[in-house]
$ cat my_file38.cif   # mmCIF, C-alpha atoms and all ligand atoms
data_input
loop_
_atom_site.group_PDB
_atom_site.id
_atom_site.type_symbol
_atom_site.label_atom_id
_atom_site.label_comp_id
_atom_site.auth_asym_id
_atom_site.auth_seq_id
_atom_site.Cartn_x
_atom_site.Cartn_y
_atom_site.Cartn_z
ATOM 1 C CA MET R 1 12.489 22.316 -8.198
ATOM 2 C CA ASP R 2 11.280 18.739 -7.832
ATOM 3 C CA ARG R 3 8.248 17.226 -9.564
ATOM 4 C CA LYS R 4 5.881 17.850 -6.631
ATOM 5 C CA ASP R 5 6.889 21.518 -6.322
ATOM 6 C CA PHE R 6 6.588 21.948 -10.108
ATOM 7 C CA LEU R 7 3.060 20.518 -10.073
ATOM 8 C CA LEU R 8 2.036 22.600 -7.053
ATOM 9 C CA THR R 9 3.380 25.783 -8.636
ATOM 10 C CA THR R 10 2.022 25.084 -12.093
ATOM 11 C CA CYS R 11 -1.400 23.960 -10.945
ATOM 12 C CA ALA R 12 -1.884 26.880 -8.566
ATOM 13 C CA ALA R 13 -3.116 28.892 -11.545
ATOM 14 C CA CYS R 14 -5.802 26.326 -12.382
ATOM 15 C CA GLY R 15 -7.097 25.936 -8.823
ATOM 16 C CA VAL R 16 -6.095 22.369 -8.026
ATOM 17 C CA THR R 17 -3.371 23.120 -5.502
ATOM 18 C CA SER R 18 -5.449 22.012 -2.539
ATOM 19 C CA THR R 19 -6.174 18.697 -4.250
ATOM 20 C CA LEU R 20 -2.492 18.099 -4.912
ATOM 21 C CA ALA R 21 -1.584 19.085 -1.371
ATOM 22 C CA PHE R 22 -4.234 16.687 -0.075
ATOM 23 C CA LEU R 23 -2.921 13.872 -2.252
ATOM 24 C CA ASP R 24 0.627 14.652 -1.125
ATOM 25 C CA SER R 25 -0.334 14.451 2.534
ATOM 26 C CA CYS R 26 -2.184 11.185 1.922
ATOM 27 C CA SER R 27 0.845 9.621 0.278
ATOM 28 C CA LYS R 28 2.954 10.433 3.346
ATOM 29 C CA VAL R 29 0.438 9.151 5.899
ATOM 30 C CA GLY R 30 -0.774 6.139 3.922
ATOM 31 C CA ILE R 31 -3.921 4.208 4.512
ATOM 32 C CA ILE R 32 -3.751 1.229 6.836
ATOM 33 C CA ASN R 33 -6.505 -1.370 6.824
ATOM 34 C CA PHE R 34 -5.819 -5.035 7.504
ATOM 35 C CA THR R 35 -6.914 -7.854 9.771
ATOM 36 C CA LEU R 36 -5.048 -10.452 11.817
ATOM 37 C CA ASP R 37 -6.735 -13.748 12.678
ATOM 38 C CA LEU R 38 -5.469 -14.670 16.134
ATOM 39 C CA THR R 39 -6.185 -18.367 15.508
ATOM 40 C CA LEU R 40 -3.573 -18.571 12.733
ATOM 41 C CA PRO R 41 -0.099 -19.872 13.657
ATOM 42 C CA ALA R 42 1.475 -16.853 11.927
ATOM 43 C CA ASN R 43 -0.091 -14.613 14.589
ATOM 44 C CA ALA R 44 0.641 -16.833 17.602
ATOM 45 C CA ALA R 45 3.075 -14.254 19.030
ATOM 46 C CA LEU R 46 0.071 -12.066 19.851
ATOM 47 C CA ALA R 47 -1.030 -14.560 22.505
ATOM 48 C CA HIS R 48 1.773 -13.371 24.812
ATOM 49 C CA THR R 49 2.429 -9.963 26.385
ATOM 50 C CA ASN R 50 5.028 -8.040 24.332
ATOM 51 C CA GLY R 51 4.613 -10.507 21.468
ATOM 52 C CA ALA R 52 4.397 -8.829 18.092
ATOM 53 C CA VAL R 53 3.472 -9.370 14.467
ATOM 54 C CA ILE R 54 4.773 -7.167 11.666
ATOM 55 C CA ASN R 55 2.754 -6.454 8.535
ATOM 56 C CA GLY R 56 4.632 -4.213 6.116
ATOM 57 C CA ASN R 57 5.718 -1.142 8.083
ATOM 58 C CA VAL R 58 3.179 -1.697 10.852
ATOM 59 C CA ILE R 59 3.776 -3.652 14.047
ATOM 60 C CA VAL R 60 0.976 -4.996 16.218
ATOM 61 C CA ILE R 61 1.968 -5.711 19.819
ATOM 62 C CA LYS R 62 0.109 -7.507 22.586
ATOM 63 C CA THR R 63 0.388 -5.341 25.684
ATOM 64 C CA SER R 64 -0.691 -6.047 29.232
ATOM 65 C CA THR R 65 -3.924 -4.152 28.569
ATOM 66 C CA GLY R 66 -4.696 -4.931 24.919
ATOM 67 C CA TYR R 67 -3.043 -4.309 21.592
ATOM 68 C CA GLU R 68 -0.987 -1.487 20.071
ATOM 69 C CA ALA R 69 -0.467 -0.938 16.350
ATOM 70 C CA LEU R 70 2.396 1.382 15.441
ATOM 71 C CA SER R 71 4.209 2.537 12.350
ATOM 72 C CA LEU R 72 7.792 1.300 12.144
ATOM 73 C CA ILE R 73 8.785 4.461 10.259
ATOM 74 C CA CYS R 74 10.932 6.704 12.435
ATOM 75 C CA THR R 75 9.550 10.211 12.813
ATOM 76 C CA HIS R 76 13.017 11.729 12.464
ATOM 77 C CA GLN R 77 14.061 10.902 8.895
ATOM 78 C CA GLY R 78 12.009 7.860 8.007
ATOM 79 C CA CYS R 79 14.283 4.912 8.762
ATOM 80 C CA ILE R 80 12.663 1.656 9.831
ATOM 81 C CA VAL R 81 12.912 1.129 13.582
ATOM 82 C CA SER R 82 13.547 -2.264 15.184
ATOM 83 C CA TYR R 83 11.409 -3.772 17.931
ATOM 84 C CA THR R 84 13.434 -4.839 20.971
ATOM 85 C CA GLY R 85 10.664 -6.571 22.882
ATOM 86 C CA HIS R 86 10.195 -3.613 25.216
ATOM 87 C CA GLY R 87 10.530 -0.651 22.823
ATOM 88 C CA PHE R 88 12.097 0.447 19.548
ATOM 89 C CA VAL R 89 15.491 1.632 18.381
ATOM 90 C CA CYS R 90 16.249 3.438 15.150
ATOM 91 C CA PRO R 91 19.427 2.261 13.391
ATOM 92 C CA CYS R 92 20.050 5.575 11.631
ATOM 93 C CA HIS R 93 20.632 8.083 14.446
ATOM 94 C CA GLY R 94 19.910 6.139 17.625
ATOM 95 C CA GLY R 95 16.396 7.348 18.294
ATOM 96 C CA THR R 96 14.523 5.267 20.854
ATOM 97 C CA PHE R 97 10.835 4.782 21.574
ATOM 98 C CA ASN R 98 8.930 2.991 24.310
ATOM 99 C CA ILE R 99 6.511 0.135 23.650
ATOM 100 C CA THR R 100 3.626 2.550 23.026
ATOM 101 C CA GLY R 101 5.697 4.546 20.516
ATOM 102 C CA GLY R 102 6.614 7.501 22.747
ATOM 103 C CA VAL R 103 10.061 9.050 22.202
ATOM 104 C CA THR R 104 12.541 8.086 24.928
ATOM 105 C CA GLY R 105 15.763 9.359 23.375
ATOM 106 C CA GLY R 106 17.598 10.744 20.378
ATOM 107 C CA PRO R 107 16.454 13.118 17.665
ATOM 108 C CA PRO R 108 12.924 11.909 16.745
ATOM 109 C CA PRO R 109 10.583 14.898 17.100
ATOM 110 C CA SER R 110 7.457 12.903 17.859
ATOM 111 C CA ALA R 111 6.035 9.503 18.723
ATOM 112 C CA LEU R 112 5.591 6.685 16.235
ATOM 113 C CA THR R 113 2.274 6.886 14.410
ATOM 114 C CA LYS R 114 -0.440 4.878 16.135
ATOM 115 C CA TYR R 115 -3.218 3.013 14.412
ATOM 116 C CA THR R 116 -6.575 1.881 15.714
ATOM 117 C CA VAL R 117 -6.934 -1.754 16.751
ATOM 118 C CA VAL R 118 -10.393 -3.274 17.182
ATOM 119 C CA LYS R 119 -10.789 -6.855 18.427
ATOM 120 C CA ASN R 120 -13.881 -8.701 17.306
ATOM 121 C CA GLY R 121 -13.819 -12.287 18.506
ATOM 122 C CA THR R 122 -10.504 -13.702 17.353
ATOM 123 C CA VAL R 123 -9.878 -11.091 14.674
ATOM 124 C CA LEU R 124 -7.982 -7.825 15.050
ATOM 125 C CA THR R 125 -8.759 -5.054 12.589
ATOM 126 C CA ILE R 126 -6.066 -2.403 12.232
ATOM 127 C CA THR R 127 -6.946 0.880 10.570
ATOM 128 C CA GLY R 128 -5.561 4.337 10.289
HETATM 129 S S1 LIG R 201 15.819 8.451 11.250
HETATM 130 FE FE1 LIG R 201 15.439 7.557 13.205
HETATM 131 S S2 LIG R 201 16.660 8.674 14.575
HETATM 132 FE FE2 LIG R 201 17.036 9.584 12.628
#

$ encode --input "my_file38.cif" --output "structure tokens" --more "lines below"
Ligand code: FES
Amino acid sequence: MDRKDFLLTTCAACGVTSTLAFLDSCSKVGIINFTLDLTLPANAALAHTNGAVINGNVIVIKTSTGYEALSLICTHQGCIVSYTGHGFVCPCHGGTFNITGGVTGGPPPSALTKYTVVKNGTVLTITG
């Protein structure tokens, strides 16, 4: 029994199981909230279609219609996927994803997690 299971089992008697389960789910999903200033040289790649900027485990891509923000964490077993310029490949078991995060091959059970991108002037705000 690992620490999480011990706490869930032990705390069931005192009525805090749902809180622990909630906290557990939050730790897996994470909270994303950052901005990218498109006028900064560090974000210049976002001026071109298929250009991308990585912030932690999140990639922001300029598409032909706007911007996509995706988790780089593979939905199979959590390895970090690599951006190829037209999609993603997972180094662990060969999973592949298209540029919008949809599964195109291999064992991943679902698409890469998407985040919300809002453009206000020259600033992108990424949340999720
Ligand atoms: S962890 Fe990515 S394909 Fe298995």

$ closest_residue --input "my_file38.cif" --among "R:Thr96, R:Ala111, R:Ala69, R:Thr84" --to "Ile32 in chain R" --atoms "only C-alpha atoms"
R:Ala69

$ atom_distance --input "my_file38.cif" --atom1 "CA of Gly95 in chain R" --atom2 "CA of His48 in chain R"
26.2 Å

$ residues_around --input "my_file38.cif" --residues "range 91-93 of chain R" --least-positions-apart "2" --cutoff "8 Å" --atoms "only C-alpha atoms" --output "count of residues only"
8

$ atom_distance --input "my_file38.cif" --atom1 "CA of Gly94 in chain R" --atom2 "CA of His76 in chain R"
10.3 Å

$ atom_distance --input "my_file38.cif" --atom1 "CA of Leu36 in chain R" --atom2 "CA of Ala52 in chain R"
11.5 Å

$ resolve_selection --input "my_file38.cif" --expression "the PyMOL selection byres (((chain R and resi 56) around 12) and not hetatm)" --output "compact mmCIF listing (two decimals) with C-alpha atoms, keeping the file's coordinate frame"
# COMPACT_ATOMS: atom_id res chain seq x y z
CA GLY R 30 -0.77 6.14 3.92
CA ILE R 32 -3.75 1.23 6.84
CA ASN R 33 -6.50 -1.37 6.82
CA PHE R 34 -5.82 -5.04 7.50
CA VAL R 53 3.47 -9.37 14.47
CA ILE R 54 4.77 -7.17 11.67
CA ASN R 55 2.75 -6.45 8.54
CA ASN R 57 5.72 -1.14 8.08
CA VAL R 58 3.18 -1.70 10.85
CA ILE R 59 3.78 -3.65 14.05
CA VAL R 60 0.98 -5.00 16.22
CA ALA R 69 -0.47 -0.94 16.35
CA LEU R 70 2.40 1.38 15.44
CA SER R 71 4.21 2.54 12.35
CA LEU R 72 7.79 1.30 12.14
CA ILE R 73 8.78 4.46 10.26
CA ILE R 80 12.66 1.66 9.83

$ closest_residue --input "my_file38.cif" --among "R:Val103, R:Ile126, R:Val118, R:Ala47" --to "ligand LIG 201 (chain R)" --atoms "only C-alpha atoms and all ligand atoms"
R:Val103

$ closest_residue --input "my_file38.cif" --among "R:Leu112, R:Leu124, R:Val117, R:Cys90" --to "ligand LIG 201 (chain R)" --atoms "only C-alpha atoms and all ligand atoms"
R:Cys90

$ closest_residue --input "my_file38.cif" --among "R:Thr39, R:Glu68, R:Thr116, R:Cys74" --to "ligand LIG 201 (chain R)" --atoms "only C-alpha atoms and all ligand atoms"
R:Cys74

$ build_atoms --input "my_file38.cif" --residues "range 110-121 of chain R" --atoms "all heavy atoms" --output "tab-separated table (two decimals), keeping the file's coordinate frame"
chain	number	residue	atom	x	y	z
R	110	SER	N	8.78	13.30	17.38
R	110	SER	CA	7.46	12.90	17.86
R	110	SER	C	7.35	11.38	17.92
R	110	SER	O	8.20	10.66	17.40
R	110	SER	CB	6.37	13.48	16.94
R	110	SER	OG	6.56	13.02	15.62
R	111	ALA	N	6.27	10.93	18.54
R	111	ALA	CA	6.04	9.50	18.72
R	111	ALA	C	5.80	8.80	17.39
R	111	ALA	O	5.44	9.44	16.38
R	111	ALA	CB	4.83	9.31	19.63
R	112	LEU	N	5.95	7.49	17.40
R	112	LEU	CA	5.59	6.68	16.24
R	112	LEU	C	4.09	6.82	16.00
R	112	LEU	O	3.31	6.95	16.95
R	112	LEU	CB	5.95	5.21	16.47
R	112	LEU	CG	7.44	4.92	16.67
R	112	LEU	CD1	7.64	3.46	17.07
R	112	LEU	CD2	8.24	5.24	15.41
R	113	THR	N	3.69	6.78	14.75
R	113	THR	CA	2.27	6.89	14.41
R	113	THR	C	1.53	5.67	14.94
R	113	THR	O	1.96	4.53	14.77
R	113	THR	CB	2.11	6.96	12.88
R	113	THR	OG1	2.78	8.13	12.42
R	113	THR	CG2	0.64	7.02	12.48
R	114	LYS	N	0.40	5.95	15.60
R	114	LYS	CA	-0.44	4.88	16.14
R	114	LYS	C	-1.62	4.64	15.21
R	114	LYS	O	-2.16	5.57	14.62
R	114	LYS	CB	-0.99	5.26	17.51
R	114	LYS	CG	0.00	5.19	18.62
R	114	LYS	CD	-0.69	5.35	19.97
R	114	LYS	CE	0.35	5.29	21.06
R	114	LYS	NZ	-0.22	5.11	22.37
R	115	TYR	N	-2.03	3.38	15.16
R	115	TYR	CA	-3.22	3.01	14.41
R	115	TYR	C	-4.25	2.42	15.37
R	115	TYR	O	-3.91	1.96	16.46
R	115	TYR	CB	-2.85	2.02	13.30
R	115	TYR	CG	-1.84	2.58	12.34
R	115	TYR	CD1	-0.52	2.11	12.35
R	115	TYR	CD2	-2.16	3.60	11.47
R	115	TYR	CE1	0.42	2.63	11.49
R	115	TYR	CE2	-1.22	4.13	10.61
R	115	TYR	CZ	0.07	3.65	10.62
R	115	TYR	OH	1.00	4.18	9.78
R	116	THR	N	-5.47	2.41	14.91
R	116	THR	CA	-6.58	1.88	15.71
R	116	THR	C	-6.62	0.36	15.59
R	116	THR	O	-6.52	-0.19	14.50
R	116	THR	CB	-7.91	2.48	15.24
R	116	THR	OG1	-7.83	3.89	15.37
R	116	THR	CG2	-9.07	1.95	16.04
R	117	VAL	N	-6.78	-0.30	16.73
R	117	VAL	CA	-6.93	-1.75	16.75
R	117	VAL	C	-8.29	-2.08	17.39
R	117	VAL	O	-8.57	-1.64	18.50
R	117	VAL	CB	-5.82	-2.44	17.58
R	117	VAL	CG1	-6.00	-3.95	17.54
R	117	VAL	CG2	-4.45	-2.04	17.07
R	118	VAL	N	-9.10	-2.82	16.65
R	118	VAL	CA	-10.39	-3.27	17.18
R	118	VAL	C	-10.39	-4.79	17.17
R	118	VAL	O	-10.09	-5.41	16.14
R	118	VAL	CB	-11.56	-2.72	16.34
R	118	VAL	CG1	-12.89	-3.31	16.81
R	118	VAL	CG2	-11.59	-1.19	16.40
R	119	LYS	N	-10.72	-5.39	18.32
R	119	LYS	CA	-10.79	-6.86	18.43
R	119	LYS	C	-12.24	-7.27	18.37
R	119	LYS	O	-13.07	-6.80	19.16
R	119	LYS	CB	-10.14	-7.32	19.73
R	119	LYS	CG	-10.06	-8.84	19.86
R	119	LYS	CD	-9.25	-9.24	21.08
R	119	LYS	CE	-9.05	-10.73	21.14
R	119	LYS	NZ	-10.09	-11.41	21.89
R	120	ASN	N	-12.53	-8.16	17.44
R	120	ASN	CA	-13.88	-8.70	17.31
R	120	ASN	C	-13.75	-10.22	17.28
R	120	ASN	O	-13.35	-10.78	16.26
R	120	ASN	CB	-14.55	-8.17	16.03
R	120	ASN	CG	-15.99	-8.60	15.93
R	120	ASN	OD1	-16.54	-9.20	16.85
R	120	ASN	ND2	-16.62	-8.29	14.81
R	121	GLY	N	-14.03	-10.84	18.41
R	121	GLY	CA	-13.82	-12.29	18.51
R	121	GLY	C	-12.34	-12.59	18.47
R	121	GLY	O	-11.59	-12.12	19.32
